[in-house]
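Data from coords-v9.csv: CSV, C-alpha atoms and all ligand atoms
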```csv
chain,number,residue,atom,x,y,z
A,27,MET,CA,-78.2,-27.9,135.1
A,28,ARG,CA,-77.0,-24.3,135.1
A,29,VAL,CA,-75.5,-23.8,131.7
A,30,LEU,CA,-73.4,-21.0,130.3
A,31,ILE,CA,-73.0,-20.6,126.5
A,32,ILE,CA,-70.2,-18.3,125.6
A,33,GLY,CA,-70.6,-16.8,122.2
A,34,CYS,CA,-74.3,-17.5,122.1
A,35,GLY,CA,-74.9,-16.9,118.4
A,36,TYR,CA,-76.2,-19.1,115.6
A,37,VAL,CA,-75.4,-22.5,117.1
A,38,GLY,CA,-75.4,-21.3,120.7
A,39,THR,CA,-78.9,-19.9,120.6
A,40,ALA,CA,-80.2,-23.2,119.0
A,41,LEU,CA,-78.5,-25.1,121.8
A,42,GLY,CA,-79.8,-22.8,124.5
A,43,GLU,CA,-83.4,-23.1,123.2
A,44,ARG,CA,-83.0,-26.8,123.3
A,45,LEU,CA,-81.7,-26.9,126.8
A,46,VAL,CA,-84.3,-24.4,128.1
A,47,ARG,CA,-87.0,-26.8,126.6
A,48,GLY,CA,-85.3,-29.5,128.6
A,49,GLY,CA,-85.8,-27.6,131.8
A,50,HIS,CA,-82.2,-26.3,132.2
A,51,THR,CA,-81.2,-22.8,133.3
A,52,VAL,CA,-79.3,-21.2,130.5
A,53,PHE,CA,-77.1,-18.1,130.3
A,54,GLY,CA,-76.0,-16.8,126.9
A,55,LEU,CA,-73.0,-14.5,126.6
A,56,ARG,CA,-72.2,-12.1,123.8
A,57,ARG,CA,-70.1,-9.0,123.5
A,58,SER,CA,-73.0,-6.6,122.9
A,59,ILE,CA,-76.5,-6.4,124.2
A,60,ALA,CA,-77.9,-6.1,120.7
A,61,GLY,CA,-79.0,-9.7,120.7
A,62,ALA,CA,-80.3,-9.7,124.3
A,63,ALA,CA,-84.0,-9.6,123.2
A,64,GLU,CA,-83.5,-12.6,120.9
A,65,LEU,CA,-81.9,-14.6,123.7
A,66,SER,CA,-84.6,-13.5,126.2
A,67,SER,CA,-87.4,-14.6,123.9
A,68,ALA,CA,-85.7,-18.0,123.6
A,69,GLY,CA,-85.7,-18.3,127.4
A,70,ILE,CA,-82.0,-17.7,127.6
A,71,GLN,CA,-80.7,-15.2,130.2
A,72,PRO,CA,-78.5,-12.7,128.3
A,73,LEU,CA,-75.1,-11.7,129.6
A,74,THR,CA,-72.5,-9.3,128.1
A,75,GLY,CA,-68.8,-10.0,128.1
A,76,ASP,CA,-65.8,-10.5,125.9
A,77,VAL,CA,-63.9,-13.7,126.0
A,78,THR,CA,-60.7,-11.9,125.1
A,79,ARG,CA,-61.0,-9.8,128.4
A,80,PRO,CA,-59.9,-11.9,131.4
A,81,ALA,CA,-61.7,-9.6,133.7
A,82,ASP,CA,-65.0,-10.4,132.0
A,83,MET,CA,-64.3,-14.1,132.3
A,84,ALA,CA,-63.5,-13.8,136.0
A,85,ALA,CA,-67.0,-12.3,136.5
A,86,LEU,CA,-69.0,-15.2,135.1
A,87,PRO,CA,-71.9,-16.6,137.1
A,88,ASP,CA,-71.3,-19.0,139.9
A,89,SER,CA,-72.4,-22.6,140.3
A,90,LEU,CA,-72.2,-23.5,136.6
A,91,ASP,CA,-72.6,-27.2,135.7
A,92,TRP,CA,-72.0,-27.1,131.9
A,93,VAL,CA,-70.1,-24.5,130.0
A,94,VAL,CA,-70.0,-24.3,126.2
A,95,ASN,CA,-67.7,-22.2,124.1
A,96,THR,CA,-69.3,-21.4,120.7
A,97,VAL,CA,-67.5,-18.1,120.2
A,98,SER,CA,-66.7,-17.4,116.6
A,99,SER,CA,-64.0,-15.1,115.2
A,100,SER,CA,-66.5,-14.2,112.4
A,101,ARG,CA,-64.2,-15.4,109.7
A,102,GLY,CA,-61.3,-13.1,110.8
A,103,GLY,CA,-57.6,-13.8,110.1
A,104,ALA,CA,-54.8,-15.2,112.3
A,105,THR,CA,-54.8,-12.3,114.7
A,106,GLU,CA,-58.5,-12.7,115.4
A,107,TYR,CA,-58.2,-16.5,115.7
A,108,ARG,CA,-55.3,-16.1,118.2
A,109,ASP,CA,-57.3,-13.6,120.3
A,110,VAL,CA,-60.7,-15.2,120.2
A,111,TYR,CA,-59.9,-18.9,120.2
A,112,LEU,CA,-56.5,-19.4,121.7
A,113,GLU,CA,-56.2,-16.5,124.2
A,114,GLY,CA,-60.0,-16.6,124.9
A,115,THR,CA,-59.7,-20.3,125.8
A,116,ARG,CA,-56.7,-19.6,128.0
A,117,SER,CA,-58.7,-17.0,129.9
A,118,LEU,CA,-61.6,-19.4,130.2
A,119,ILE,CA,-59.5,-22.2,131.5
A,120,ALA,CA,-58.0,-19.8,134.1
A,121,ALA,CA,-61.4,-18.5,135.1
A,122,LEU,CA,-63.2,-21.8,135.3
A,123,SER,CA,-60.6,-24.2,136.7
A,124,SER,CA,-61.5,-25.7,140.1
A,125,ARG,CA,-65.0,-24.3,140.0
A,126,GLY,CA,-66.8,-27.6,140.0
A,127,ILE,CA,-67.8,-27.4,136.3
A,128,ARG,CA,-69.1,-30.9,135.2
A,129,ARG,CA,-68.5,-30.5,131.5
A,130,PHE,CA,-66.9,-27.9,129.2
A,131,ALA,CA,-67.5,-28.3,125.4
A,132,TYR,CA,-65.7,-26.3,122.7
A,133,THR,CA,-66.6,-26.2,119.0
A,134,SER,CA,-63.5,-26.6,117.0
A,135,SER,CA,-63.6,-27.4,113.3
A,136,THR,CA,-63.0,-30.3,110.9
A,137,SER,CA,-60.8,-27.8,109.0
A,138,VAL,CA,-58.0,-29.0,111.4
A,139,TYR,CA,-57.8,-32.1,109.2
A,140,GLY,CA,-55.4,-31.0,106.4
A,141,GLN,CA,-55.7,-34.3,104.5
A,142,THR,CA,-56.0,-34.0,100.7
A,143,ASP,CA,-56.2,-37.7,99.6
A,144,GLY,CA,-60.0,-38.0,99.7
A,145,GLY,CA,-59.9,-40.8,102.3
A,146,TRP,CA,-61.9,-41.1,105.5
A,147,VAL,CA,-60.6,-39.4,108.7
A,148,ASP,CA,-61.6,-40.1,112.2
A,149,GLU,CA,-60.5,-38.4,115.4
A,150,SER,CA,-57.3,-40.4,115.5
A,151,ALA,CA,-56.1,-39.0,112.2
A,152,PRO,CA,-53.3,-36.4,112.3
A,153,ALA,CA,-54.6,-32.8,112.6
A,154,MET,CA,-52.0,-31.0,110.7
A,155,PRO,CA,-53.7,-28.1,108.8
A,156,ALA,CA,-51.7,-26.2,106.2
A,157,GLY,CA,-52.8,-22.7,107.3
A,158,GLU,CA,-52.0,-20.6,110.3
A,159,THR,CA,-55.7,-20.3,111.4
A,160,GLY,CA,-56.1,-24.1,111.4
A,161,ARG,CA,-52.9,-24.4,113.4
A,162,LEU,CA,-54.3,-21.9,116.0
A,163,LEU,CA,-57.4,-24.1,116.3
A,164,VAL,CA,-55.2,-27.1,117.0
A,165,GLU,CA,-53.2,-25.2,119.6
A,166,THR,CA,-56.5,-24.2,121.2
A,167,GLU,CA,-57.6,-27.8,121.3
A,168,GLN,CA,-54.3,-28.7,122.9
A,169,GLN,CA,-54.8,-26.2,125.7
A,170,LEU,CA,-58.2,-27.8,126.5
A,171,LEU,CA,-56.9,-31.4,126.3
A,172,SER,CA,-54.0,-30.4,128.6
A,173,ALA,CA,-56.5,-28.8,131.1
A,174,ALA,CA,-58.6,-32.0,130.9
A,175,GLY,CA,-55.6,-34.2,131.4
A,176,SER,CA,-54.5,-32.4,134.5
A,177,GLY,CA,-58.0,-32.3,136.0
A,178,ARG,CA,-58.3,-28.5,135.8
A,179,LEU,CA,-61.3,-28.5,133.5
A,180,PRO,CA,-63.4,-31.5,132.2
A,181,ALA,CA,-63.2,-30.3,128.6
A,182,LEU,CA,-64.1,-32.1,125.5
A,183,ILE,CA,-64.0,-31.0,121.9
A,184,LEU,CA,-66.4,-31.2,119.0
A,185,ARG,CA,-64.8,-30.8,115.5
A,186,VAL,CA,-67.7,-29.4,113.6
A,187,ALA,CA,-68.1,-29.6,109.8
A,188,GLY,CA,-69.5,-26.8,107.6
A,189,ILE,CA,-72.7,-25.6,109.2
A,190,TYR,CA,-75.8,-24.9,107.3
A,191,GLY,CA,-79.4,-24.2,108.3
A,192,PRO,CA,-81.8,-21.2,108.3
A,193,GLY,CA,-80.1,-18.3,106.6
A,194,ARG,CA,-76.8,-20.2,106.3
A,195,GLY,CA,-75.1,-22.5,103.8
A,196,HIS,CA,-72.5,-20.6,101.8
A,197,LEU,CA,-72.3,-22.8,98.7
A,198,PHE,CA,-76.1,-23.3,98.6
A,199,GLN,CA,-76.6,-19.5,98.7
A,200,GLN,CA,-74.0,-19.0,96.0
A,201,TYR,CA,-75.8,-21.6,93.9
A,202,VAL,CA,-79.2,-19.9,94.3
A,203,ARG,CA,-77.7,-16.5,93.4
A,204,GLY,CA,-76.1,-18.0,90.3
A,205,GLU,CA,-72.6,-17.3,91.6
A,206,ALA,CA,-71.3,-20.8,92.4
A,207,CYS,CA,-68.4,-22.2,90.6
A,208,LEU,CA,-67.2,-25.8,90.1
A,209,ASN,CA,-63.7,-26.3,91.4
A,210,GLY,CA,-61.7,-28.5,89.2
A,211,ASP,CA,-63.7,-31.6,88.3
A,212,GLY,CA,-66.0,-31.1,91.3
A,213,SER,CA,-64.7,-34.2,93.0
A,214,ARG,CA,-63.7,-32.4,96.2
A,215,TRP,CA,-65.6,-33.8,99.3
A,216,LEU,CA,-67.8,-31.5,101.3
A,217,ASN,CA,-68.5,-32.3,104.9
A,218,MET,CA,-71.6,-30.7,106.3
A,219,ILE,CA,-74.0,-30.6,109.3
A,220,HIS,CA,-77.3,-28.8,110.0
A,221,ARG,CA,-77.2,-26.3,112.8
A,222,ASP,CA,-79.8,-28.2,114.8
A,223,ASP,CA,-77.7,-31.3,114.7
A,224,VAL,CA,-74.7,-29.3,116.0
A,225,ALA,CA,-77.0,-28.3,118.9
A,226,SER,CA,-78.1,-31.9,119.6
A,227,ALA,CA,-74.4,-33.1,119.2
A,228,LEU,CA,-73.4,-30.6,121.9
A,229,HIS,CA,-76.2,-31.7,124.1
A,230,VAL,CA,-75.3,-35.4,123.8
A,231,ALA,CA,-71.6,-34.5,124.4
A,232,LEU,CA,-72.4,-32.6,127.5
A,233,GLU,CA,-74.5,-35.4,128.8
A,234,SER,CA,-72.4,-38.4,127.8
A,235,GLY,CA,-69.1,-37.2,126.4
A,236,HIS,CA,-65.8,-37.9,128.1
A,237,PRO,CA,-63.4,-35.2,129.2
A,238,GLY,CA,-60.2,-35.1,127.1
A,239,GLU,CA,-62.0,-36.6,124.1
A,240,ILE,CA,-62.5,-35.2,120.6
A,241,TYR,CA,-65.7,-36.0,118.6
A,242,ASN,CA,-66.3,-35.2,115.0
A,243,ALA,CA,-69.7,-33.5,114.4
A,244,THR,CA,-70.7,-34.0,110.8
A,245,ASP,CA,-73.6,-35.7,109.0
A,246,ASP,CA,-73.6,-39.3,107.7
A,247,GLU,CA,-72.7,-38.6,104.1
A,248,PRO,CA,-69.9,-36.5,102.8
A,249,VAL,CA,-70.8,-35.4,99.2
A,250,SER,CA,-68.6,-34.3,96.3
A,251,GLN,CA,-69.1,-30.8,95.1
A,252,ILE,CA,-70.4,-31.9,91.7
A,253,ASP,CA,-72.9,-34.3,93.3
A,254,PHE,CA,-74.1,-31.6,95.6
A,255,PHE,CA,-74.7,-29.3,92.6
A,256,ARG,CA,-76.4,-32.2,90.7
A,257,TRP,CA,-78.8,-32.7,93.6
A,258,LEU,CA,-79.5,-28.9,93.8
A,259,ASP,CA,-80.2,-28.9,90.1
A,260,SER,CA,-82.6,-31.9,90.5
A,261,GLN,CA,-84.5,-29.8,93.1
A,262,LEU,CA,-84.2,-26.2,91.7
A,263,LYS,CA,-83.5,-26.8,88.0
A,264,ARG,CA,-80.8,-24.2,87.8
A,265,GLY,CA,-78.1,-26.3,86.0
A,266,ILE,CA,-74.6,-27.1,87.0
A,267,PRO,CA,-72.4,-24.1,87.8
A,268,PRO,CA,-69.5,-23.3,85.4
A,269,ALA,CA,-65.9,-24.3,86.2
A,270,ALA,CA,-63.9,-21.7,88.1
A,271,ASP,CA,-61.3,-20.0,86.0
A,272,GLU,CA,-57.6,-21.0,86.3
A,273,ILE,CA,-56.6,-18.1,88.5
A,274,GLU,CA,-59.3,-18.8,91.1
A,275,ARG,CA,-58.7,-22.5,90.9
A,276,ALA,CA,-54.9,-22.1,91.6
A,277,GLY,CA,-55.6,-19.7,94.4
A,278,ARG,CA,-58.1,-22.1,96.1
A,279,LYS,CA,-56.0,-25.2,95.6
A,280,ARG,CA,-53.3,-24.1,98.0
A,281,GLY,CA,-55.5,-24.2,101.1
A,282,VAL,CA,-58.1,-26.8,100.0
A,283,THR,CA,-58.5,-30.1,101.8
A,284,HIS,CA,-60.1,-33.2,100.4
A,285,LYS,CA,-61.3,-35.7,103.0
A,286,ARG,CA,-64.4,-37.5,104.3
A,287,VAL,CA,-65.0,-37.0,108.0
A,288,THR,CA,-66.7,-39.8,109.9
A,289,ASN,CA,-69.1,-39.3,112.8
A,290,GLN,CA,-68.9,-42.8,114.2
A,291,LYS,CA,-67.5,-41.8,117.6
A,292,LEU,CA,-70.2,-39.3,118.3
A,293,ARG,CA,-72.8,-41.8,117.1
A,294,ALA,CA,-71.4,-44.3,119.6
A,295,LEU,CA,-72.4,-41.8,122.3
A,296,GLY,CA,-76.0,-42.1,121.2
A,297,TRP,CA,-76.2,-39.0,118.9
A,298,ARG,CA,-78.5,-39.4,115.9
A,299,PRO,CA,-78.7,-36.5,113.4
A,300,THR,CA,-82.2,-35.3,112.5
A,301,PHE,CA,-80.8,-34.5,109.1
A,302,PRO,CA,-78.5,-37.5,108.3
A,303,THR,CA,-77.5,-36.1,104.9
A,304,PHE,CA,-77.5,-32.8,103.1
A,305,ARG,CA,-80.6,-34.0,101.2
A,306,GLU,CA,-82.9,-34.1,104.2
A,307,GLY,CA,-81.4,-30.9,105.6
A,308,TYR,CA,-81.6,-28.8,102.5
A,309,ALA,CA,-85.0,-30.2,101.5
A,310,SER,CA,-86.2,-28.9,104.9
A,311,GLU,CA,-84.5,-25.5,104.4
A,312,MET,CA,-86.0,-25.2,100.9
A,313,ARG,CA,-89.5,-25.9,102.3
A,314,LEU,CA,-89.1,-23.3,104.9
A,315,GLU,CA,-87.7,-20.8,102.4
A,316,LYS,CA,-90.7,-21.4,100.1
A,317,GLU,CA,-93.1,-20.9,102.9
A,318,ASN,CA,-91.4,-17.7,104.1
A,319,ARG,CA,-90.2,-16.3,100.8
A,320,PRO,CA,-92.1,-17.7,97.9
A,321,GLY,CA,-89.4,-16.5,95.5
A,322,LEU,CA,-87.4,-19.7,95.8
A,323,LYS,CA,-88.8,-21.5,92.8
A,324,PRO,CA,-87.0,-23.5,90.1
A,325,GLY,CA,-85.3,-21.3,87.6
A,326,ARG,CA,-85.7,-18.0,89.4
A,327,SER,CA,-82.9,-16.0,90.9
A,328,THR,CA,-83.5,-15.6,94.6
A,329,GLN,CA,-81.4,-13.7,97.1
A,330,LEU,CA,-81.3,-15.7,100.3
A,331,ASP,CA,-79.0,-13.6,102.4
B,1,LIG,N1,-69.8,-21.9,110.6
B,1,LIG,C1,-69.2,-23.0,110.3
B,1,LIG,O1,-69.4,-23.6,109.3
B,1,LIG,C2,-68.4,-23.6,111.4
B,1,LIG,C3,-67.7,-24.8,111.1
B,1,LIG,C4,-66.9,-25.4,112.1
B,1,LIG,C5,-66.9,-24.8,113.4
B,1,LIG,N2,-67.6,-23.7,113.7
B,1,LIG,C6,-67.6,-23.2,115.0
B,1,LIG,O2,-68.9,-23.3,115.6
B,1,LIG,C7,-69.1,-22.3,116.6
B,1,LIG,C8,-70.4,-21.7,116.4
B,1,LIG,O3,-70.4,-20.9,115.2
B,1,LIG,P1,-71.6,-19.9,114.9
B,1,LIG,O4,-71.9,-20.0,113.4
B,1,LIG,O5,-72.8,-20.2,115.8
B,1,LIG,O6,-71.0,-18.5,115.2
B,1,LIG,P2,-71.7,-17.1,115.3
B,1,LIG,O7,-73.1,-17.2,114.8
B,1,LIG,O8,-70.8,-16.1,114.6
B,1,LIG,O9,-71.8,-16.8,116.8
B,1,LIG,C9,-70.7,-16.5,117.6
B,1,LIG,C10,-71.1,-15.7,118.7
B,1,LIG,O10,-70.0,-15.3,119.4
B,1,LIG,C11,-70.1,-14.0,119.9
B,1,LIG,N3,-68.7,-13.4,120.0
B,1,LIG,C12,-67.9,-13.2,119.0
B,1,LIG,N4,-66.7,-12.7,119.6
B,1,LIG,C13,-66.9,-12.8,120.9
B,1,LIG,C14,-66.0,-12.5,122.0
B,1,LIG,N5,-64.8,-12.0,121.8
B,1,LIG,N6,-66.5,-12.6,123.3
B,1,LIG,C15,-67.8,-13.1,123.5
B,1,LIG,N7,-68.6,-13.4,122.5
B,1,LIG,C16,-68.2,-13.3,121.2
B,1,LIG,C17,-70.9,-13.3,118.8
B,1,LIG,O11,-71.7,-12.2,119.3
B,1,LIG,P3,-71.2,-10.7,119.5
B,1,LIG,O12,-70.6,-10.3,118.1
B,1,LIG,O13,-72.4,-9.9,119.9
B,1,LIG,O14,-70.2,-10.8,120.5
B,1,LIG,C18,-71.8,-14.4,118.3
B,1,LIG,O15,-73.0,-14.3,119.0
B,1,LIG,C19,-67.9,-21.4,116.5
B,1,LIG,O16,-67.0,-21.8,117.5
B,1,LIG,C20,-67.3,-21.7,115.2
B,1,LIG,O17,-65.9,-21.4,115.1
B,1,LIG,C21,-68.3,-23.1,112.7
```

Turn this file's structure into structure tokens for me.
Amino acid sequence: MRVLIIGCGYVGTALGERLVRGGHTVFGLRRSIAGAAELSSAGIQPLTGDVTRPADMAALPDSLDWVVNTVSSSRGGATEYRDVYLEGTRSLIAALSSRGIRRFAYTSSTSVYGQTDGGWVDESAPAMPAGETGRLLVETEQQLLSAAGSGRLPALILRVAGIYGPGRGHLFQQYVRGEACLNGDGSRWLNMIHRDDVASALHVALESGHPGEIYNATDDEPVSQIDFFRWLDSQLKRGIPPAADEIERAGRKRGVTHKRVTNQKLRALGWRPTFPTFREGYASEMRLEKENRPGLKPGRSTQLD
């Protein structure tokens, strides 16, 4: 296959490496050439371009089989979300329609589920996020589902949970730095996935996924925040973080969701995570950290990022 990964960053590079190993020809696009050497060393052919510039999208390589959009707005606000996700996707649909693409995959987010009752959600659950950024992701998804429905682009969507892996994992890093806080009683559910499992999920979706479908990409076991900290404490002996103060708690509460996301639909495609739960995933990350940076020992304060 000739594959183009647009926004070939943390996840995109892991996917690209995997596809190159599988004998595919992979192009990876970013805005700057700063990461070109990293892509080249992974066997990915670097391209520069900006998804928000239709002219750049019109100049993409020919004869592509699979296209993946893993562009990230880098935690920007609504303006960046609109430009990068919604308008970027519109440009891509316009540029790629009727070009014989076999599959187009887009990484949306489980943050589109605004549920707060702690129950399980699958892909048929309403996606009604409280915030504007979440609504922009839903609008982006709808553009792609409409393009798939009308036969313009065989697009499918992965709703990805919180990604962790080498150098990533916000709550884990806060914990290690001694800066983590418990929100409320810590009962809020966390849904997570290891970066390498996002890459394998995208691979399976490209091979076997159906256009117009949505697949949740998350591991097998949502964990409450307190149980996550308890497990980290059992591994690193740094205790349970203190409760957040009232002001922070009130601020967070407004946009906070509370739900358990199921991956059954993706599993039904044949996907099996290498790291079925946070335990296997973070145990692996801790082993790697200890090998590379021996400072990660129980009771020591280590800067991971
Ligand atoms: N992180 C999470 O927990 C999480 C959760 C759910 C879903 N997701 C989604 O998963 C996907 C992959 O995330 P990631 O962590 O791999 O992101 P990432 O590391 O930030 O990579 C994104 C890449 O996109 C490129 N990029 C940014 N703006 C661009 C633009 N306008 N045109 C072209 N390229 C652009 C960046 O490179 P340059 O800056 O050089 O252009 C970067 O290489 C994203 O779609 C993200 O929204 C992430």

Legend entry - Exercise: Ile240 (chain A) partners within 7 Å, only C-alpha atoms, chain neighbours under 2 positions left out, as a ChimeraX atom specification: /A:149,182-184,238,242

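Note that CA of Ser100 (chain A) and atom C2 of ligand LIG 1 (chain B) are 9.6 Å apart.
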
Residues near region 37-41 of chain A, anyone? I mean within 7 Å using all atoms listed in the file, not counting same-chain ones fewer than 2 positions away, as an mmCIF file with C-alpha atoms, keeping the file's coordinate frame.
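The resulting selection-v8.cif:
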```cif
data_model
loop_
_atom_site.group_PDB
_atom_site.id
_atom_site.type_symbol
_atom_site.label_atom_id
_atom_site.label_comp_id
_atom_site.auth_asym_id
_atom_site.auth_seq_id
_atom_site.Cartn_x
_atom_site.Cartn_y
_atom_site.Cartn_z
ATOM 1 C CA ILE A 31 -73.000 -20.600 126.500
ATOM 2 C CA GLY A 33 -70.600 -16.800 122.200
ATOM 3 C CA CYS A 34 -74.300 -17.500 122.100
ATOM 4 C CA GLY A 35 -74.900 -16.900 118.400
ATOM 5 C CA GLU A 43 -83.400 -23.100 123.200
ATOM 6 C CA ARG A 44 -83.000 -26.800 123.300
ATOM 7 C CA LEU A 45 -81.700 -26.900 126.800
ATOM 8 C CA LEU A 65 -81.900 -14.600 123.700
ATOM 9 C CA THR A 96 -69.300 -21.400 120.700
ATOM 10 C CA ARG A 221 -77.200 -26.300 112.800
ATOM 11 C CA ASP A 222 -79.800 -28.200 114.800
ATOM 12 C CA VAL A 224 -74.700 -29.300 116.000
ATOM 13 C CA ALA A 225 -77.000 -28.300 118.900
#
```

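Between atom C5 of ligand LIG 1 (chain B) and CA of Thr136 (chain A) the separation is 7.2 Å.
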
Inset, instruction - In Å, rounded to a single decimal, give me how far CA of Leu262 (chain A) is from CA of Glu311 (chain A). - result: 12.7 Å

Inset, instruction - Kindly indicate which residue among A:Thr303, A:Pro155, A:Asp91, A:Thr142 lies nearest to Trp257 (chain A), using all atoms listed in the file for the distances. - result: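 Between A:Thr303, A:Pro155, A:Asp91, A:Thr142, the residue approaching Trp257 (chain A) most closely is A:Thr303.
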
Legend entry - Distance criterion (only C-alpha atoms and all ligand atoms): nearest to ligand LIG 1 (chain B) out of A:His220, A:Arg264, A:Arg305, A:Arg116: A:His220

Inset, instruction - Write out as a ChimeraX atom specification the residues lying within 12 Å of Thr159 (chain A), counting only C-alpha atoms and excluding same-chain residues fewer than 6 positions away. - result: /A:99,101-112,134-135,137-138,140,165-166,281

Those residues you just picked out, can you put them in a file as a PDB file, in the frame of the given file with C-alpha atoms?
```pdb
ATOM      1  CA  SER A  99     -64.000 -15.100 115.200  1.00  0.00           C
ATOM      2  CA  ARG A 101     -64.200 -15.400 109.700  1.00  0.00           C
ATOM      3  CA  GLY A 102     -61.300 -13.100 110.800  1.00  0.00           C
ATOM      4  CA  GLY A 103     -57.600 -13.800 110.100  1.00  0.00           C
ATOM      5  CA  ALA A 104     -54.800 -15.200 112.300  1.00  0.00           C
ATOM      6  CA  THR A 105     -54.800 -12.300 114.700  1.00  0.00           C
ATOM      7  CA  GLU A 106     -58.500 -12.700 115.400  1.00  0.00           C
ATOM      8  CA  TYR A 107     -58.200 -16.500 115.700  1.00  0.00           C
ATOM      9  CA  ARG A 108     -55.300 -16.100 118.200  1.00  0.00           C
ATOM     10  CA  ASP A 109     -57.300 -13.600 120.300  1.00  0.00           C
ATOM     11  CA  VAL A 110     -60.700 -15.200 120.200  1.00  0.00           C
ATOM     12  CA  TYR A 111     -59.900 -18.900 120.200  1.00  0.00           C
ATOM     13  CA  LEU A 112     -56.500 -19.400 121.700  1.00  0.00           C
ATOM     14  CA  SER A 134     -63.500 -26.600 117.000  1.00  0.00           C
ATOM     15  CA  SER A 135     -63.600 -27.400 113.300  1.00  0.00           C
ATOM     16  CA  SER A 137     -60.800 -27.800 109.000  1.00  0.00           C
ATOM     17  CA  VAL A 138     -58.000 -29.000 111.400  1.00  0.00           C
ATOM     18  CA  GLY A 140     -55.400 -31.000 106.400  1.00  0.00           C
ATOM     19  CA  GLU A 165     -53.200 -25.200 119.600  1.00  0.00           C
ATOM     20  CA  THR A 166     -56.500 -24.200 121.200  1.00  0.00           C
ATOM     21  CA  GLY A 281     -55.500 -24.200 101.100  1.00  0.00           C
TER      22      GLY A 281
END
```

Legend entry - Proximity to ligand LIG 1 (chain B) - best of A:Ser89, A:Asn209, A:Ser67, A:Ser117, only C-alpha atoms and all ligand atoms: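 Nearest candidate to ligand LIG 1 (chain B) out of A:Ser89, A:Asn209, A:Ser67, A:Ser117: A:Ser117.
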
Region 294-298 of chain A surroundings by all atoms listed in the file, 8 Å radius, close-in-sequence under 3 positions cut, as a PDB file with C-alpha atoms, keeping the file's coordinate frame:
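Contents of out_6.pdb, as written:
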```pdb
ATOM      1  CA  SER A 226     -78.100 -31.900 119.600  1.00  0.00           C
ATOM      2  CA  ALA A 227     -74.400 -33.100 119.200  1.00  0.00           C
ATOM      3  CA  VAL A 230     -75.300 -35.400 123.800  1.00  0.00           C
ATOM      4  CA  ALA A 231     -71.600 -34.500 124.400  1.00  0.00           C
ATOM      5  CA  SER A 234     -72.400 -38.400 127.800  1.00  0.00           C
ATOM      6  CA  GLY A 235     -69.100 -37.200 126.400  1.00  0.00           C
ATOM      7  CA  GLN A 290     -68.900 -42.800 114.200  1.00  0.00           C
ATOM      8  CA  LYS A 291     -67.500 -41.800 117.600  1.00  0.00           C
ATOM      9  CA  PRO A 302     -78.500 -37.500 108.300  1.00  0.00           C
TER      10      PRO A 302
END
```

Inset, instruction - Tell me which protein, DNA and RNA residues are within 12 Å of Ala173 (chain A), counting only C-alpha atoms, leaving out same-chain ones fewer than 4 positions away, and put them as a VMD selection string. - result: chain A and resid 115 to 116 118 to 120 122 to 124 130 166 to 169 177 to 182 237 to 239

Legend entry - Using only C-alpha atoms: which of A:Arg214, A:Arg185, A:Arg57, A:His50 has the shortest distance to Val249 (chain A):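 Selected residue with least distance to Val249 (chain A): A:Arg214.
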
Determine, counting only C-alpha atoms, every residue of protein, DNA or RNA that lies within 7 Å of (-76.3, -24.6, 91.2) in the file coordinates, then give the result as a compact mmCIF listing (two decimals) with C-alpha atoms, in the coordinates of the input.
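Below you can see selection20.txt, which holds the result:
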```
# COMPACT_ATOMS: atom_id res chain seq x y z
CA TYR A 201 -75.80 -21.60 93.90
CA VAL A 202 -79.20 -19.90 94.30
CA GLY A 204 -76.10 -18.00 90.30
CA ALA A 206 -71.30 -20.80 92.40
CA PHE A 255 -74.70 -29.30 92.60
CA LEU A 258 -79.50 -28.90 93.80
CA ASP A 259 -80.20 -28.90 90.10
CA ARG A 264 -80.80 -24.20 87.80
CA GLY A 265 -78.10 -26.30 86.00
CA ILE A 266 -74.60 -27.10 87.00
CA PRO A 267 -72.40 -24.10 87.80
```

Inset, instruction - Using all atoms listed in the file, pick whichever of A:Ser176, A:Leu30, A:Met218, A:Arg129 has the shortest atom-to-atom distance to ligand LIG 1 (chain B). - result: A:Met218

Coordinates of region 196-217 of chain A, C-alpha atoms, as a PDB file, in the first residue's frame:
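So result-v7.pdb came out as:
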```
ATOM      1  CA  HIS A 196       0.066  13.474  31.870  1.00  0.00           C
ATOM      2  CA  LEU A 197      -1.313  12.140  35.148  1.00  0.00           C
ATOM      3  CA  PHE A 198       1.559   9.670  35.569  1.00  0.00           C
ATOM      4  CA  GLN A 199       4.124  12.406  35.032  1.00  0.00           C
ATOM      5  CA  GLN A 200       2.315  14.679  37.503  1.00  0.00           C
ATOM      6  CA  TYR A 201       2.345  11.814  40.013  1.00  0.00           C
ATOM      7  CA  VAL A 202       6.056  11.219  39.575  1.00  0.00           C
ATOM      8  CA  ARG A 203       6.780  14.941  40.005  1.00  0.00           C
ATOM      9  CA  GLY A 204       4.679  15.010  43.172  1.00  0.00           C
ATOM     10  CA  GLU A 205       2.227  17.447  41.549  1.00  0.00           C
ATOM     11  CA  ALA A 206      -0.814  15.199  41.092  1.00  0.00           C
ATOM     12  CA  CYS A 207      -4.064  15.920  42.943  1.00  0.00           C
ATOM     13  CA  LEU A 208      -7.026  13.742  43.704  1.00  0.00           C
ATOM     14  CA  ASN A 209     -10.232  15.175  42.272  1.00  0.00           C
ATOM     15  CA  GLY A 210     -13.117  14.771  44.676  1.00  0.00           C
ATOM     16  CA  ASP A 211     -13.116  11.224  46.048  1.00  0.00           C
ATOM     17  CA  GLY A 212     -11.086   9.967  43.065  1.00  0.00           C
ATOM     18  CA  SER A 213     -13.961   7.927  41.697  1.00  0.00           C
ATOM     19  CA  ARG A 214     -13.813   9.520  38.238  1.00  0.00           C
ATOM     20  CA  TRP A 215     -13.105   6.955  35.485  1.00  0.00           C
ATOM     21  CA  LEU A 216     -10.004   7.300  33.342  1.00  0.00           C
ATOM     22  CA  ASN A 217      -9.935   5.743  29.862  1.00  0.00           C
TER      23      ASN A 217
END
```
